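Chemist: To be precise about what I am sending: the file is called upload.txt and holds compact mmCIF, C-alpha atoms.
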# COMPACT_ATOMS: atom_id res chain seq x y z
CA MET O 1 74.11 -22.39 188.45
CA ASN O 2 70.41 -23.08 188.94
CA MET O 3 68.93 -24.52 185.76
CA THR O 4 65.50 -25.54 184.48
CA TYR O 5 64.95 -28.17 181.80
CA ASP O 6 61.59 -27.98 180.07
CA GLY O 7 61.06 -31.22 178.17
CA GLY O 8 57.40 -30.61 177.29
CA PRO O 9 55.48 -32.53 179.95
CA THR O 10 58.66 -32.73 182.06
CA LEU O 11 59.94 -29.70 183.98
CA LYS O 12 63.12 -30.42 185.91
CA ARG O 13 65.16 -28.09 188.09
CA TYR O 14 68.81 -28.92 188.72
CA GLN O 15 72.21 -27.41 189.41
CA SER O 16 75.34 -27.47 187.30
CA ASP O 17 78.79 -25.95 187.37
CA ASN O 18 80.17 -24.25 184.28
CA HIS O 19 83.89 -24.06 183.52
CA VAL O 20 84.92 -21.28 181.13
CA VAL O 21 87.07 -22.80 178.37
CA ALA O 22 87.31 -19.81 175.99
CA TYR O 23 86.85 -16.10 176.52
CA GLU O 24 87.64 -13.25 174.13
CA PRO O 25 85.86 -10.07 175.30
CA GLY O 26 83.24 -9.01 172.78
CA ARG O 27 83.86 -12.08 170.61
CA VAL O 28 83.63 -15.52 172.29
CA LEU O 29 82.40 -17.10 175.50
CA ALA O 30 82.53 -20.89 175.82
CA TRP O 31 81.97 -23.15 178.79
CA ALA O 32 81.95 -26.82 179.70
CA THR O 33 79.13 -28.11 181.88
CA ALA O 34 79.84 -30.19 184.99
CA LEU O 35 77.87 -31.73 187.79
CA PRO O 36 78.22 -29.65 190.99
CA ASP O 37 81.80 -29.88 192.28
CA GLY O 38 82.67 -32.31 189.46
CA ALA O 39 84.93 -32.37 186.43
CA PRO O 40 83.58 -31.09 183.10
CA LEU O 41 81.42 -33.64 181.28
CA ALA O 42 83.07 -32.81 177.92
CA TRP O 43 80.38 -30.91 176.07
CA ILE O 44 80.92 -27.27 175.23
CA TRP O 45 78.47 -24.41 174.83
CA THR O 46 79.80 -21.44 172.83
CA TYR O 47 78.50 -17.94 172.15
CA GLU O 48 80.23 -16.26 169.21
CA LEU O 49 79.51 -12.54 168.87
CA THR O 50 79.84 -10.50 165.69
CA ASP O 51 79.50 -6.71 165.73
CA GLU O 52 76.94 -5.64 163.13
CA SER O 53 76.42 -2.11 164.45
CA PRO O 54 74.09 -1.10 165.86
CA ARG O 55 73.33 -4.77 166.67
CA THR O 56 75.34 -7.81 167.66
CA ARG O 57 74.84 -11.16 165.95
CA VAL O 58 75.09 -14.06 168.40
CA ARG O 59 75.75 -17.63 167.29
CA LEU O 60 75.20 -20.38 169.83
CA SER O 61 76.73 -23.82 169.36
CA TYR O 62 76.66 -26.97 171.44
CA ASP O 63 79.50 -29.42 170.78
CA TRP O 64 79.44 -32.89 172.32
CA THR O 65 81.88 -34.56 169.88
CA ASP O 66 84.52 -35.17 172.61
CA THR O 67 82.01 -36.46 175.17
CA PRO O 68 82.94 -39.94 176.41
CA GLU O 69 80.50 -42.70 175.41
CA GLU O 70 79.78 -43.36 179.10
CA ASN O 71 78.52 -39.78 179.59
CA ILE O 72 76.46 -39.97 176.40
CA ARG O 73 74.71 -43.14 177.61
CA ARG O 74 74.33 -41.99 181.22
CA LEU O 75 73.18 -38.42 180.56
CA GLY O 76 71.52 -38.68 177.15
CA VAL O 77 73.73 -36.28 175.21
CA PRO O 78 72.86 -34.39 173.09
CA LEU O 79 70.52 -32.69 175.50
CA THR O 80 69.10 -30.19 173.02
CA ASP O 81 68.36 -29.71 169.33
CA ASP O 82 68.17 -26.80 166.88
CA GLN O 83 64.84 -25.69 168.36
CA GLY O 84 66.35 -25.70 171.85
CA LEU O 85 69.31 -23.62 170.67
CA ALA O 86 66.96 -21.15 168.97
CA ARG O 87 64.91 -20.88 172.18
CA SER O 88 68.09 -20.22 174.17
CA LEU O 89 68.93 -17.36 171.80
CA GLU O 90 65.40 -15.97 172.17
CA LEU O 91 65.76 -16.00 175.95
CA LEU O 92 69.17 -14.30 175.70
CA GLU O 93 67.72 -11.61 173.46
CA MET O 94 64.81 -11.12 175.83
CA ALA O 95 67.20 -10.74 178.79
CA CYS O 96 69.26 -8.19 176.84
CA ARG O 97 66.09 -6.24 176.06
CA GLY O 98 65.13 -6.07 179.73
CA GLY O 99 62.40 -8.70 179.48
CA GLN O 100 60.86 -7.56 176.18
CA GLN O 101 59.90 -10.27 173.69
CA PRO O 102 62.55 -10.82 171.00
CA ASP O 103 62.12 -9.95 167.35
CA SER O 104 61.91 -13.49 165.95
CA ALA O 105 63.31 -12.35 162.61
CA THR O 106 66.67 -11.63 164.28
CA THR O 107 66.98 -14.82 166.34
CA THR O 108 68.91 -17.68 164.74
CA ALA O 109 70.69 -20.76 166.08
Can you dump the structure from the file as structure tokens?

Modeler:
Amino acid sequence: MNMTYDGGPTLKRYQSDNHVVAYEPGRVLAWATALPDGAPLAWIWTYELTDESPRTRVRLSYDWTDTPEENIRRLGVPLTDDQGLARSLELLEMACRGGQQPDSATTTA
């Protein structure tokens, strides 16, 4: 997957592999990030979906509790914060709306 990290004055493009670790259609999608062609690095991203017709509530979590100390030191985990998670949800909402700006009142981390 082609990725972009925007760390304020730092914009970095990189690649990662993602290994699906949980999938329940319409409810959960979780994946572990890996370096290209490598083993998962032991942090998990999870989308949890809740039907609130006519909308869907999406909760995004980022769990690095099982990440080995070596990976934490080497890669600087955690790589995001609550603001980064909220921004990810905004971008997801925008993609679902076909590029329209999200309604900030409905976007939560």

Chemist: Which residue is closest to Ala22 (chain O)? Choose from O:Tyr47, O:Pro40, O:Trp64, O:Ala34 and count only C-alpha atoms.

Modeler: O:Tyr47

Chemist: What is the CA of Thr65 (chain O)-CA of Thr50 (chain O) distance in Å, reported with one decimal?

Modeler: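 CA of Thr50 (chain O) lies at a distance of 24.5 Å from CA of Thr65 (chain O).
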
Chemist: Using only C-alpha atoms, which of O:Met94, O:Leu89, O:Leu49, O:Ala42 sits nearest Leu75 (chain O)?

Modeler: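 Once distances to Leu75 (chain O) are computed over only C-alpha atoms, the minimum belongs to O:Ala42.
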
Chemist: Which residues are near Asp82 (chain O)? Cut-off 12 Å, all atoms listed in the file, ignore same chain within fewer than 4 positions. Put them as a PyMOL selection string.

Modeler: chain O and resi 59-62+78+86-89+108-109

Chemist: Can you list, as a PDB file with C-alpha atoms, in the frame of the given file, every protein, DNA or RNA residue that comes within 12 Å of Asp37 (chain O) when you count only C-alpha atoms, leaving out same-chain residues fewer than 4 positions away?

Modeler:
ATOM      1  CA  MET O   1      74.110 -22.390 188.450  1.00  0.00           C
ATOM      2  CA  GLN O  15      72.210 -27.410 189.410  1.00  0.00           C
ATOM      3  CA  SER O  16      75.340 -27.470 187.300  1.00  0.00           C
ATOM      4  CA  ASP O  17      78.790 -25.950 187.370  1.00  0.00           C
ATOM      5  CA  ASN O  18      80.170 -24.250 184.280  1.00  0.00           C
ATOM      6  CA  HIS O  19      83.890 -24.060 183.520  1.00  0.00           C
ATOM      7  CA  THR O  33      79.130 -28.110 181.880  1.00  0.00           C
ATOM      8  CA  LEU O  41      81.420 -33.640 181.280  1.00  0.00           C
TER       9      LEU O  41
END

Chemist: For Thr80 (chain O), which residue among O:Asp63, O:Trp31, O:Val58, O:Ser53 is the nearest when counting only C-alpha atoms?

Modeler: O:Asp63

Chemist: Find the distance between CA of Trp43 (chain O) and CA of Gln83 (chain O) and write it in Å to one decimal.

Modeler: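 Going from CA of Trp43 (chain O) over to CA of Gln83 (chain O) covers 18.1 Å.
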
Chemist: At what distance in Å, to one decimal, does CA of Arg55 (chain O) lie from CA of Glu90 (chain O)?

Modeler: 14.8 Å

Chemist: So which one's closest to Glu48 (chain O), O:Leu85, O:Arg13, O:Arg73, O:Val28? Using all atoms listed in the file, please.

Modeler: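 Smallest separation from Glu48 (chain O) among the options: O:Val28.
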
Chemist: Find the residues near Val20 (chain O): any atom within 10 Å, counting only C-alpha atoms, skip ones fewer than 4 places away on the same chain, and give them as a PyMOL selection string.

Modeler: chain O and resi 29-33+44-46
